[in-house]
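Everything below belongs to run-v7.cif, which stores mmCIF, C-alpha atoms.
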```cif
data_input
loop_
_atom_site.group_PDB
_atom_site.id
_atom_site.type_symbol
_atom_site.label_atom_id
_atom_site.label_comp_id
_atom_site.auth_asym_id
_atom_site.auth_seq_id
_atom_site.Cartn_x
_atom_site.Cartn_y
_atom_site.Cartn_z
ATOM 1 C CA MET E 1 -9.087 -2.101 -15.872
ATOM 2 C CA THR E 2 -12.361 -1.991 -13.915
ATOM 3 C CA TYR E 3 -13.486 -4.412 -11.236
ATOM 4 C CA LEU E 4 -16.162 -5.815 -13.536
ATOM 5 C CA GLN E 5 -13.648 -6.337 -16.348
ATOM 6 C CA LEU E 6 -11.218 -8.116 -14.033
ATOM 7 C CA VAL E 7 -13.892 -10.447 -12.698
ATOM 8 C CA ASN E 8 -15.109 -11.242 -16.223
ATOM 9 C CA GLU E 9 -11.545 -11.891 -17.425
ATOM 10 C CA VAL E 10 -11.116 -14.449 -14.660
ATOM 11 C CA LEU E 11 -14.538 -15.992 -15.339
ATOM 12 C CA THR E 12 -13.687 -16.328 -19.039
ATOM 13 C CA ARG E 13 -10.479 -18.203 -18.236
ATOM 14 C CA LEU E 14 -12.447 -20.444 -15.888
ATOM 15 C CA ARG E 15 -14.829 -21.167 -18.787
ATOM 16 C CA GLU E 16 -17.693 -19.607 -16.824
ATOM 17 C CA GLU E 17 -20.334 -17.209 -18.092
ATOM 18 C CA THR E 18 -19.490 -13.524 -17.718
ATOM 19 C CA VAL E 19 -21.799 -11.096 -15.939
ATOM 20 C CA SER E 20 -23.093 -7.637 -16.795
ATOM 21 C CA THR E 21 -22.889 -6.367 -13.226
ATOM 22 C CA LEU E 22 -21.444 -7.472 -9.915
ATOM 23 C CA ALA E 23 -24.217 -5.843 -7.896
ATOM 24 C CA GLY E 24 -26.352 -8.465 -6.167
ATOM 25 C CA ALA E 25 -24.436 -11.358 -7.728
ATOM 26 C CA ASP E 26 -25.510 -14.576 -5.989
ATOM 27 C CA ASP E 27 -23.579 -17.094 -8.087
ATOM 28 C CA VAL E 28 -21.026 -18.769 -5.814
ATOM 29 C CA VAL E 29 -18.328 -18.732 -8.514
ATOM 30 C CA VAL E 30 -18.784 -15.006 -9.162
ATOM 31 C CA THR E 31 -18.731 -14.301 -5.429
ATOM 32 C CA LEU E 32 -15.486 -16.235 -5.017
ATOM 33 C CA VAL E 33 -13.866 -14.515 -7.988
ATOM 34 C CA LYS E 34 -14.834 -11.094 -6.629
ATOM 35 C CA ASP E 35 -13.006 -11.931 -3.397
ATOM 36 C CA PHE E 36 -10.047 -13.454 -5.251
ATOM 37 C CA VAL E 37 -9.591 -10.258 -7.283
ATOM 38 C CA ASN E 38 -9.272 -8.156 -4.121
ATOM 39 C CA ASP E 39 -6.999 -10.758 -2.519
ATOM 40 C CA ALA E 40 -4.821 -10.638 -5.634
ATOM 41 C CA LYS E 41 -4.857 -6.832 -5.554
ATOM 42 C CA HIS E 42 -3.418 -6.922 -2.037
ATOM 43 C CA LEU E 43 -0.664 -9.341 -3.085
ATOM 44 C CA VAL E 44 0.379 -7.114 -5.969
ATOM 45 C CA GLU E 45 0.161 -3.875 -3.990
ATOM 46 C CA ASP E 46 2.450 -5.286 -1.293
ATOM 47 C CA SER E 47 5.031 -6.543 -3.798
ATOM 48 C CA HIS E 48 6.391 -3.126 -4.805
ATOM 49 C CA GLN E 49 6.175 0.592 -4.097
ATOM 50 C CA TRP E 50 4.054 1.365 -7.141
ATOM 51 C CA ASN E 51 4.060 4.895 -8.523
ATOM 52 C CA ALA E 52 0.282 4.647 -8.869
ATOM 53 C CA LEU E 53 -0.025 4.239 -5.101
ATOM 54 C CA ARG E 54 2.044 7.282 -4.131
ATOM 55 C CA ASN E 55 0.280 9.489 -1.617
ATOM 56 C CA GLU E 56 0.859 12.666 0.358
ATOM 57 C CA TRP E 57 -0.514 13.532 3.777
ATOM 58 C CA THR E 58 -0.209 16.910 5.488
ATOM 59 C CA ILE E 59 -0.088 17.008 9.263
ATOM 60 C CA SER E 60 -0.579 20.261 11.136
ATOM 61 C CA THR E 61 1.060 19.876 14.524
ATOM 62 C CA VAL E 62 -0.373 21.128 17.787
ATOM 63 C CA ALA E 63 1.883 22.529 20.492
ATOM 64 C CA GLY E 64 2.521 19.883 23.129
ATOM 65 C CA THR E 65 1.067 16.991 21.086
ATOM 66 C CA ASP E 66 3.460 14.323 19.823
ATOM 67 C CA ASN E 67 1.163 11.703 18.239
ATOM 68 C CA TYR E 68 -0.596 12.194 14.889
ATOM 69 C CA SER E 69 -2.643 9.955 12.603
ATOM 70 C CA LEU E 70 -2.274 9.620 8.842
ATOM 71 C CA THR E 71 -5.940 9.968 8.012
ATOM 72 C CA GLY E 72 -7.094 7.459 5.415
ATOM 73 C CA ALA E 73 -3.739 5.694 5.294
ATOM 74 C CA GLY E 74 -4.906 2.402 6.743
ATOM 75 C CA ASN E 75 -2.381 0.156 8.448
ATOM 76 C CA TYR E 76 -0.551 -0.929 5.287
ATOM 77 C CA ALA E 77 0.766 2.492 4.324
ATOM 78 C CA ARG E 78 4.498 2.946 3.802
ATOM 79 C CA ILE E 79 6.259 6.201 4.628
ATOM 80 C CA GLU E 80 9.032 7.272 2.267
ATOM 81 C CA TYR E 81 10.070 10.520 3.940
ATOM 82 C CA ILE E 82 8.714 13.547 5.816
ATOM 83 C CA LEU E 83 9.473 17.168 4.967
ATOM 84 C CA MET E 84 8.577 20.305 6.842
ATOM 85 C CA ALA E 85 7.268 23.330 4.968
ATOM 86 C CA ASN E 86 10.770 24.886 5.046
ATOM 87 C CA GLY E 87 12.302 21.837 3.343
ATOM 88 C CA GLN E 88 13.832 20.377 6.498
ATOM 89 C CA TYR E 89 13.631 16.597 6.810
ATOM 90 C CA VAL E 90 12.040 14.935 9.807
ATOM 91 C CA THR E 91 14.211 11.852 10.195
ATOM 92 C CA GLU E 92 12.978 8.389 11.103
ATOM 93 C CA GLN E 93 14.263 7.089 14.424
ATOM 94 C CA ARG E 94 13.602 4.056 16.601
ATOM 95 C CA LEU E 95 10.412 4.334 18.635
ATOM 96 C CA GLN E 96 12.229 3.055 21.715
ATOM 97 C CA LEU E 97 14.681 5.946 21.558
ATOM 98 C CA LEU E 98 11.944 8.562 21.078
ATOM 99 C CA ARG E 99 10.063 7.197 24.077
ATOM 100 C CA GLN E 100 13.253 7.295 26.124
ATOM 101 C CA LEU E 101 14.004 10.893 25.139
ATOM 102 C CA SER E 102 10.423 11.948 25.872
ATOM 103 C CA SER E 103 10.499 10.364 29.310
ATOM 104 C CA GLU E 104 13.838 12.007 30.165
ATOM 105 C CA ASP E 105 12.453 15.484 29.468
ATOM 106 C CA PRO E 106 8.665 15.404 29.030
ATOM 107 C CA THR E 107 8.378 19.206 29.085
ATOM 108 C CA GLN E 108 10.728 19.867 26.166
ATOM 109 C CA GLN E 109 9.023 21.504 23.185
ATOM 110 C CA GLN E 110 10.873 22.409 19.997
ATOM 111 C CA THR E 111 10.697 21.964 16.239
ATOM 112 C CA PRO E 112 10.161 18.226 15.535
ATOM 113 C CA THR E 113 13.249 16.546 14.090
ATOM 114 C CA TYR E 114 12.460 12.819 14.448
ATOM 115 C CA TYR E 115 9.499 10.540 13.890
ATOM 116 C CA SER E 116 8.580 6.906 14.301
ATOM 117 C CA VAL E 117 5.515 4.821 13.505
ATOM 118 C CA ASN E 118 3.621 4.335 16.759
ATOM 119 C CA GLY E 119 0.910 1.771 16.079
ATOM 120 C CA ILE E 120 -2.510 2.541 14.654
ATOM 121 C CA ASP E 121 -5.392 4.678 15.843
ATOM 122 C CA ALA E 122 -9.013 3.721 16.515
ATOM 123 C CA SER E 123 -9.806 4.145 12.796
ATOM 124 C CA GLY E 124 -7.098 1.701 11.768
ATOM 125 C CA ASP E 125 -4.793 4.404 10.380
ATOM 126 C CA LEU E 126 -1.059 4.601 11.025
ATOM 127 C CA ARG E 127 -0.078 6.824 13.928
ATOM 128 C CA LEU E 128 3.213 8.729 14.112
ATOM 129 C CA LYS E 129 5.131 9.927 17.145
ATOM 130 C CA VAL E 130 7.300 13.001 16.626
ATOM 131 C CA TYR E 131 10.111 14.305 18.819
ATOM 132 C CA PRO E 132 10.602 16.790 20.319
ATOM 133 C CA ASN E 133 7.042 17.743 21.156
ATOM 134 C CA PRO E 134 6.103 20.610 18.822
ATOM 135 C CA ASP E 135 6.221 24.057 20.377
ATOM 136 C CA ALA E 136 3.980 25.569 17.687
ATOM 137 C CA VAL E 137 2.007 24.736 14.555
ATOM 138 C CA TYR E 138 4.168 23.123 11.855
ATOM 139 C CA ALA E 139 3.122 21.632 8.522
ATOM 140 C CA LEU E 140 4.627 18.177 8.084
ATOM 141 C CA ASN E 141 4.339 16.784 4.563
ATOM 142 C CA VAL E 142 4.381 13.004 4.688
ATOM 143 C CA TYR E 143 5.192 11.254 1.412
ATOM 144 C CA GLY E 144 4.625 7.548 0.919
ATOM 145 C CA PHE E 145 2.401 4.837 -0.471
ATOM 146 C CA LYS E 146 -0.965 3.408 0.527
ATOM 147 C CA ARG E 147 -3.167 0.587 -0.650
ATOM 148 C CA GLN E 148 -6.110 1.387 -2.846
ATOM 149 C CA ALA E 149 -9.438 0.673 -1.147
ATOM 150 C CA ASP E 150 -10.949 -2.693 -2.009
ATOM 151 C CA LEU E 151 -12.758 -2.745 -5.335
ATOM 152 C CA VAL E 152 -16.512 -2.787 -4.807
ATOM 153 C CA ALA E 153 -18.446 -1.203 -7.677
ATOM 154 C CA ASP E 154 -18.446 -2.355 -11.307
ATOM 155 C CA ASN E 155 -16.599 0.753 -12.484
ATOM 156 C CA ASP E 156 -13.970 0.897 -9.722
ATOM 157 C CA VAL E 157 -10.666 1.185 -11.590
ATOM 158 C CA LEU E 158 -7.629 -0.806 -10.485
ATOM 159 C CA LEU E 159 -4.590 1.446 -9.974
ATOM 160 C CA THR E 160 -1.822 -1.167 -10.096
ATOM 161 C CA PRO E 161 -0.993 -3.150 -13.282
ATOM 162 C CA SER E 162 -3.876 -5.444 -14.186
ATOM 163 C CA LYS E 163 -2.099 -8.563 -15.515
ATOM 164 C CA PRO E 164 -0.512 -9.569 -12.194
ATOM 165 C CA VAL E 165 -3.829 -9.066 -10.375
ATOM 166 C CA LEU E 166 -5.741 -10.996 -13.042
ATOM 167 C CA TYR E 167 -3.398 -13.982 -12.938
ATOM 168 C CA TYR E 168 -3.072 -14.093 -9.155
ATOM 169 C CA ALA E 169 -6.884 -14.100 -8.952
ATOM 170 C CA LEU E 170 -6.967 -16.862 -11.562
ATOM 171 C CA ALA E 171 -4.353 -18.841 -9.626
ATOM 172 C CA LEU E 172 -6.419 -18.582 -6.443
ATOM 173 C CA ALA E 173 -9.454 -19.767 -8.382
ATOM 174 C CA ALA E 174 -7.443 -22.617 -9.902
ATOM 175 C CA ARG E 175 -6.327 -23.715 -6.443
ATOM 176 C CA GLU E 176 -9.974 -23.758 -5.366
ATOM 177 C CA ARG E 177 -11.083 -25.689 -8.448
ATOM 178 C CA GLY E 178 -8.049 -27.959 -8.878
ATOM 179 C CA GLU E 179 -6.986 -26.746 -12.322
ATOM 180 C CA VAL E 180 -7.988 -24.265 -14.992
ATOM 181 C CA GLY E 181 -7.654 -24.726 -18.733
ATOM 182 C CA GLY E 182 -5.387 -27.684 -18.194
ATOM 183 C CA GLN E 183 -3.023 -25.669 -16.021
ATOM 184 C CA THR E 184 -2.395 -26.387 -12.362
ATOM 185 C CA ALA E 185 -2.601 -23.682 -9.734
ATOM 186 C CA ALA E 186 1.203 -23.797 -9.388
ATOM 187 C CA GLU E 187 1.610 -23.072 -13.106
ATOM 188 C CA VAL E 188 -0.783 -20.120 -12.962
ATOM 189 C CA PHE E 189 0.939 -18.776 -9.834
ATOM 190 C CA SER E 190 4.210 -18.923 -11.756
ATOM 191 C CA LEU E 191 2.669 -16.877 -14.566
ATOM 192 C CA ALA E 192 1.350 -14.357 -12.054
ATOM 193 C CA GLN E 193 4.806 -14.003 -10.512
ATOM 194 C CA GLN E 194 6.337 -13.440 -13.952
ATOM 195 C CA TYR E 195 3.767 -10.772 -14.809
ATOM 196 C CA THR E 196 4.477 -9.129 -11.445
ATOM 197 C CA SER E 197 8.243 -9.153 -12.008
ATOM 198 C CA ASN E 198 7.812 -7.591 -15.439
ATOM 199 C CA ALA E 199 5.454 -4.918 -14.096
ATOM 200 C CA VAL E 200 7.796 -4.073 -11.218
ATOM 201 C CA ALA E 201 10.725 -3.706 -13.620
ATOM 202 C CA LEU E 202 8.742 -1.368 -15.874
ATOM 203 C CA ASP E 203 7.445 0.701 -12.952
ATOM 204 C CA ALA E 204 10.934 1.037 -11.479
ATOM 205 C CA THR E 205 12.244 2.590 -14.698
ATOM 206 C CA MET E 206 10.052 5.616 -13.993
ATOM 207 C CA ASN E 207 12.241 6.396 -10.962
ATOM 208 C CA ASP E 208 15.723 5.300 -12.021
ATOM 209 C CA LEU E 209 17.446 7.695 -9.625
ATOM 210 C CA ASP E 210 15.544 6.204 -6.669
ATOM 211 C CA ASN E 211 17.035 2.807 -7.436
ATOM 212 C CA ILE E 212 20.714 3.718 -7.388
ATOM 213 C CA TRP E 213 22.521 2.080 -4.481
ATOM 214 C CA MET E 214 25.941 3.124 -3.271
ATOM 215 C CA THR E 215 28.293 2.001 -0.531
ATOM 216 C CA VAL E 216 28.383 4.217 2.532
#
```

Show how you would write the structure in this file as C-alpha cells.
Amino acid sequence: MTYLQLVNEVLTRLREETVSTLAGADDVVVTLVKDFVNDAKHLVEDSHQWNALRNEWTISTVAGTDNYSLTGAGNYARIEYILMANGQYVTEQRLQLLRQLSSEDPTQQQTPTYYSVNGIDASGDLRLKVYPNPDAVYALNVYGFKRQADLVADNDVLLTPSKPVLYYALALAARERGEVGGQTAAEVFSLAQQYTSNAVALDATMNDLDNIWMTV
C-alpha cells in the first residue's frame, strides 16, 4: 500500500475528505495523519523482525582498523549474524570484553572472530567493533534488519503489512480526536494490536526453522 493510500484510508475512517496528493498539503488533519502513519510504521517495524525488512551489508576491513559503520542502517538496525567470505562466523561478544582484550594487546592483528555494536557514527548509523584488529582485507557479510525510511512521497510503498500500520495510525488519530466512528482510541488500539499479532504469526511461518527453540 502506498503512503497516499494509507493516509486516505485513515481519512476515510475519520469521515474526512480524501486527497489526491500529499504534496503541499496544508490541512491540519491531513498533516497530522501523515505523521501518524509514519509513527505507526515505526511501531509495527519494531514489533517483529519482518522478512520484508531483511538487509545485507558488506564490510571490507582495513588492516589495523577495528571500527566499521553499517552504512544506511540507521540506529534501529538489528544484526542477526555476521559471516566472512569463507563461511566462518564472526561471533557477537560483549563490548566490555572486546575493549579489555584490545587494551591488553593493542598491537595484535589477526582474522576477526568477534564483534560488538559500538554506538553510532556521525551519520547516525550503527558502528561495529571487531576483534582482533584485522591484519588484512576481509569481506564481512552482515545480515539483519533495518527500518524502512519514513514515507514521504505519494507513491512510497510500505514494506511491512498495511493493516497494523493503518489501524495504529487510526488509533493515534482517535486519541487526538477523542473517538472515531463511535470507537474509543483504546478500542482501535486493541484492533491494531490484533492485526499486528496476526501479521507477525503469518510472517513467522515463512521461517519456521528460525523459530524452533531447544534446551541447551

Could you expand the PyMOL selection byres ((chain E and resi 7) around 9) into the explicit residues it covers here, written as a PyMOL selection string? chain E and resi 2-6+8-12+18-19+22+30+33-34+36-37+166+169

All residues 7 Å or closer to stretch 183-189 of chain E, all atoms listed in the file, same chain fewer than 2 positions away omitted, as an mmCIF file with C-alpha atoms, in the coordinates of the input:
```
data_model
loop_
_atom_site.group_PDB
_atom_site.id
_atom_site.type_symbol
_atom_site.label_atom_id
_atom_site.label_comp_id
_atom_site.auth_asym_id
_atom_site.auth_seq_id
_atom_site.Cartn_x
_atom_site.Cartn_y
_atom_site.Cartn_z
ATOM 1 C CA TYR E 167 -3.398 -13.982 -12.938
ATOM 2 C CA TYR E 168 -3.072 -14.093 -9.155
ATOM 3 C CA ALA E 171 -4.353 -18.841 -9.626
ATOM 4 C CA ALA E 174 -7.443 -22.617 -9.902
ATOM 5 C CA ARG E 175 -6.327 -23.715 -6.443
ATOM 6 C CA GLY E 178 -8.049 -27.959 -8.878
ATOM 7 C CA GLU E 179 -6.986 -26.746 -12.322
ATOM 8 C CA VAL E 180 -7.988 -24.265 -14.992
ATOM 9 C CA GLY E 181 -7.654 -24.726 -18.733
ATOM 10 C CA LEU E 191 2.669 -16.877 -14.566
ATOM 11 C CA ALA E 192 1.350 -14.357 -12.054
ATOM 12 C CA GLN E 193 4.806 -14.003 -10.512
#
```

Polymer residues at most 9 Å from E:Asn51, only C-alpha atoms, same-chain spacing of 5 or more positions, as a list in words: Phe145, Thr160, Asp203, Ala204, Met206 and Asn207 of chain E

Could you give me, as a ChimeraX atom specification, the residues within 7 Å of E:Trp57, counting all atoms listed in the file and dropping anything in the same chain fewer than 2 positions from it? /E:55,59,70,141-143

To verify the selection step, state as a PyMOL selection string which residues the PyMOL selection byres ((chain E and resi 73-88) around 10) yields on this input. chain E and resi 42+45-46+49+53-59+69-72+89-92+111-117+119-121+123-127+138-149

Shell around E:Val165 at 6 Å using all atoms listed in the file, local window under 3 positions removed, as a list in words: Ala40, Lys41, Ser162 and Tyr168 of chain E

Just want the 6 Å neighbourhood of E:Gln109, counted on all atoms listed in the file, with same-chain residues fewer than 2 positions away dropped. Output as a list in words. Pro132, Asn133, Pro134 and Asp135 of chain E

Stretch 5-41 of chain E rebuilt with N, CA and C atoms, output as a short mmCIF file (atom, residue, chain, number, x, y, z; two decimals), keeping the file's coordinate frame:
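And here's rebuild-v1.cif as it stands now:
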```
data_model
loop_
_atom_site.label_atom_id
_atom_site.label_comp_id
_atom_site.auth_asym_id
_atom_site.auth_seq_id
_atom_site.Cartn_x
_atom_site.Cartn_y
_atom_site.Cartn_z
N GLN E 5 -14.48 -5.75 -15.30
CA GLN E 5 -13.65 -6.34 -16.35
C GLN E 5 -12.71 -7.40 -15.80
N LEU E 6 -12.11 -7.14 -14.64
CA LEU E 6 -11.22 -8.12 -14.03
C LEU E 6 -11.95 -9.40 -13.69
N VAL E 7 -13.11 -9.26 -13.07
CA VAL E 7 -13.89 -10.45 -12.70
C VAL E 7 -14.27 -11.23 -13.95
N ASN E 8 -14.71 -10.55 -15.00
CA ASN E 8 -15.11 -11.24 -16.22
C ASN E 8 -13.92 -11.90 -16.92
N GLU E 9 -12.74 -11.28 -16.84
CA GLU E 9 -11.54 -11.89 -17.42
C GLU E 9 -11.21 -13.20 -16.71
N VAL E 10 -11.36 -13.21 -15.41
CA VAL E 10 -11.12 -14.45 -14.66
C VAL E 10 -12.18 -15.49 -14.99
N LEU E 11 -13.45 -15.06 -15.02
CA LEU E 11 -14.54 -15.99 -15.34
C LEU E 11 -14.34 -16.61 -16.72
N THR E 12 -13.92 -15.81 -17.68
CA THR E 12 -13.69 -16.33 -19.04
C THR E 12 -12.64 -17.42 -19.03
N ARG E 13 -11.56 -17.22 -18.30
CA ARG E 13 -10.48 -18.20 -18.24
C ARG E 13 -10.87 -19.44 -17.44
N LEU E 14 -11.90 -19.29 -16.61
CA LEU E 14 -12.45 -20.44 -15.89
C LEU E 14 -13.51 -21.17 -16.70
N ARG E 15 -13.77 -20.65 -17.91
CA ARG E 15 -14.83 -21.17 -18.79
C ARG E 15 -16.21 -21.05 -18.13
N GLU E 16 -16.40 -19.92 -17.44
CA GLU E 16 -17.69 -19.61 -16.82
C GLU E 16 -18.33 -18.46 -17.58
N GLU E 17 -19.63 -18.31 -17.43
CA GLU E 17 -20.33 -17.21 -18.09
C GLU E 17 -19.97 -15.88 -17.43
N THR E 18 -19.78 -14.85 -18.26
CA THR E 18 -19.49 -13.52 -17.72
C THR E 18 -20.78 -12.88 -17.23
N VAL E 19 -20.63 -11.78 -16.50
CA VAL E 19 -21.80 -11.10 -15.94
C VAL E 19 -21.80 -9.64 -16.38
N SER E 20 -22.96 -9.04 -16.37
CA SER E 20 -23.09 -7.64 -16.80
C SER E 20 -22.91 -6.68 -15.63
N THR E 21 -23.08 -7.18 -14.43
CA THR E 21 -22.89 -6.37 -13.23
C THR E 21 -22.53 -7.28 -12.06
N LEU E 22 -21.81 -6.71 -11.10
CA LEU E 22 -21.44 -7.47 -9.91
C LEU E 22 -22.41 -7.20 -8.77
N ALA E 23 -23.26 -6.21 -8.94
CA ALA E 23 -24.22 -5.84 -7.90
C ALA E 23 -25.24 -6.96 -7.71
N GLY E 24 -25.36 -7.44 -6.47
CA GLY E 24 -26.35 -8.46 -6.17
C GLY E 24 -26.03 -9.83 -6.72
N ALA E 25 -24.80 -10.05 -7.18
CA ALA E 25 -24.44 -11.36 -7.73
C ALA E 25 -24.57 -12.42 -6.65
N ASP E 26 -25.32 -13.51 -6.97
CA ASP E 26 -25.51 -14.58 -5.99
C ASP E 26 -24.92 -15.90 -6.45
N ASP E 27 -24.26 -15.89 -7.61
CA ASP E 27 -23.58 -17.09 -8.09
C ASP E 27 -22.32 -17.31 -7.25
N VAL E 28 -22.14 -18.51 -6.73
CA VAL E 28 -21.03 -18.77 -5.81
C VAL E 28 -19.68 -18.57 -6.50
N VAL E 29 -19.59 -18.90 -7.79
CA VAL E 29 -18.33 -18.73 -8.51
C VAL E 29 -18.01 -17.25 -8.65
N VAL E 30 -18.99 -16.45 -9.02
CA VAL E 30 -18.78 -15.01 -9.16
C VAL E 30 -18.38 -14.40 -7.82
N THR E 31 -19.05 -14.82 -6.77
CA THR E 31 -18.73 -14.30 -5.43
C THR E 31 -17.29 -14.62 -5.05
N LEU E 32 -16.86 -15.85 -5.32
CA LEU E 32 -15.49 -16.24 -5.02
C LEU E 32 -14.49 -15.42 -5.84
N VAL E 33 -14.78 -15.26 -7.11
CA VAL E 33 -13.87 -14.52 -7.99
C VAL E 33 -13.77 -13.06 -7.55
N LYS E 34 -14.87 -12.47 -7.14
CA LYS E 34 -14.83 -11.09 -6.63
C LYS E 34 -13.84 -10.98 -5.46
N ASP E 35 -13.92 -11.95 -4.55
CA ASP E 35 -13.01 -11.93 -3.40
C ASP E 35 -11.57 -12.19 -3.84
N PHE E 36 -11.40 -13.12 -4.78
CA PHE E 36 -10.05 -13.45 -5.25
C PHE E 36 -9.38 -12.25 -5.91
N VAL E 37 -10.16 -11.44 -6.62
CA VAL E 37 -9.59 -10.26 -7.28
C VAL E 37 -9.03 -9.29 -6.24
N ASN E 38 -9.77 -9.06 -5.16
CA ASN E 38 -9.27 -8.16 -4.12
C ASN E 38 -8.11 -8.77 -3.35
N ASP E 39 -8.14 -10.09 -3.15
CA ASP E 39 -7.00 -10.76 -2.52
C ASP E 39 -5.75 -10.60 -3.39
N ALA E 40 -5.94 -10.78 -4.69
CA ALA E 40 -4.82 -10.64 -5.63
C ALA E 40 -4.32 -9.20 -5.67
N LYS E 41 -5.24 -8.25 -5.58
CA LYS E 41 -4.86 -6.83 -5.55
C LYS E 41 -3.93 -6.56 -4.37
#
```
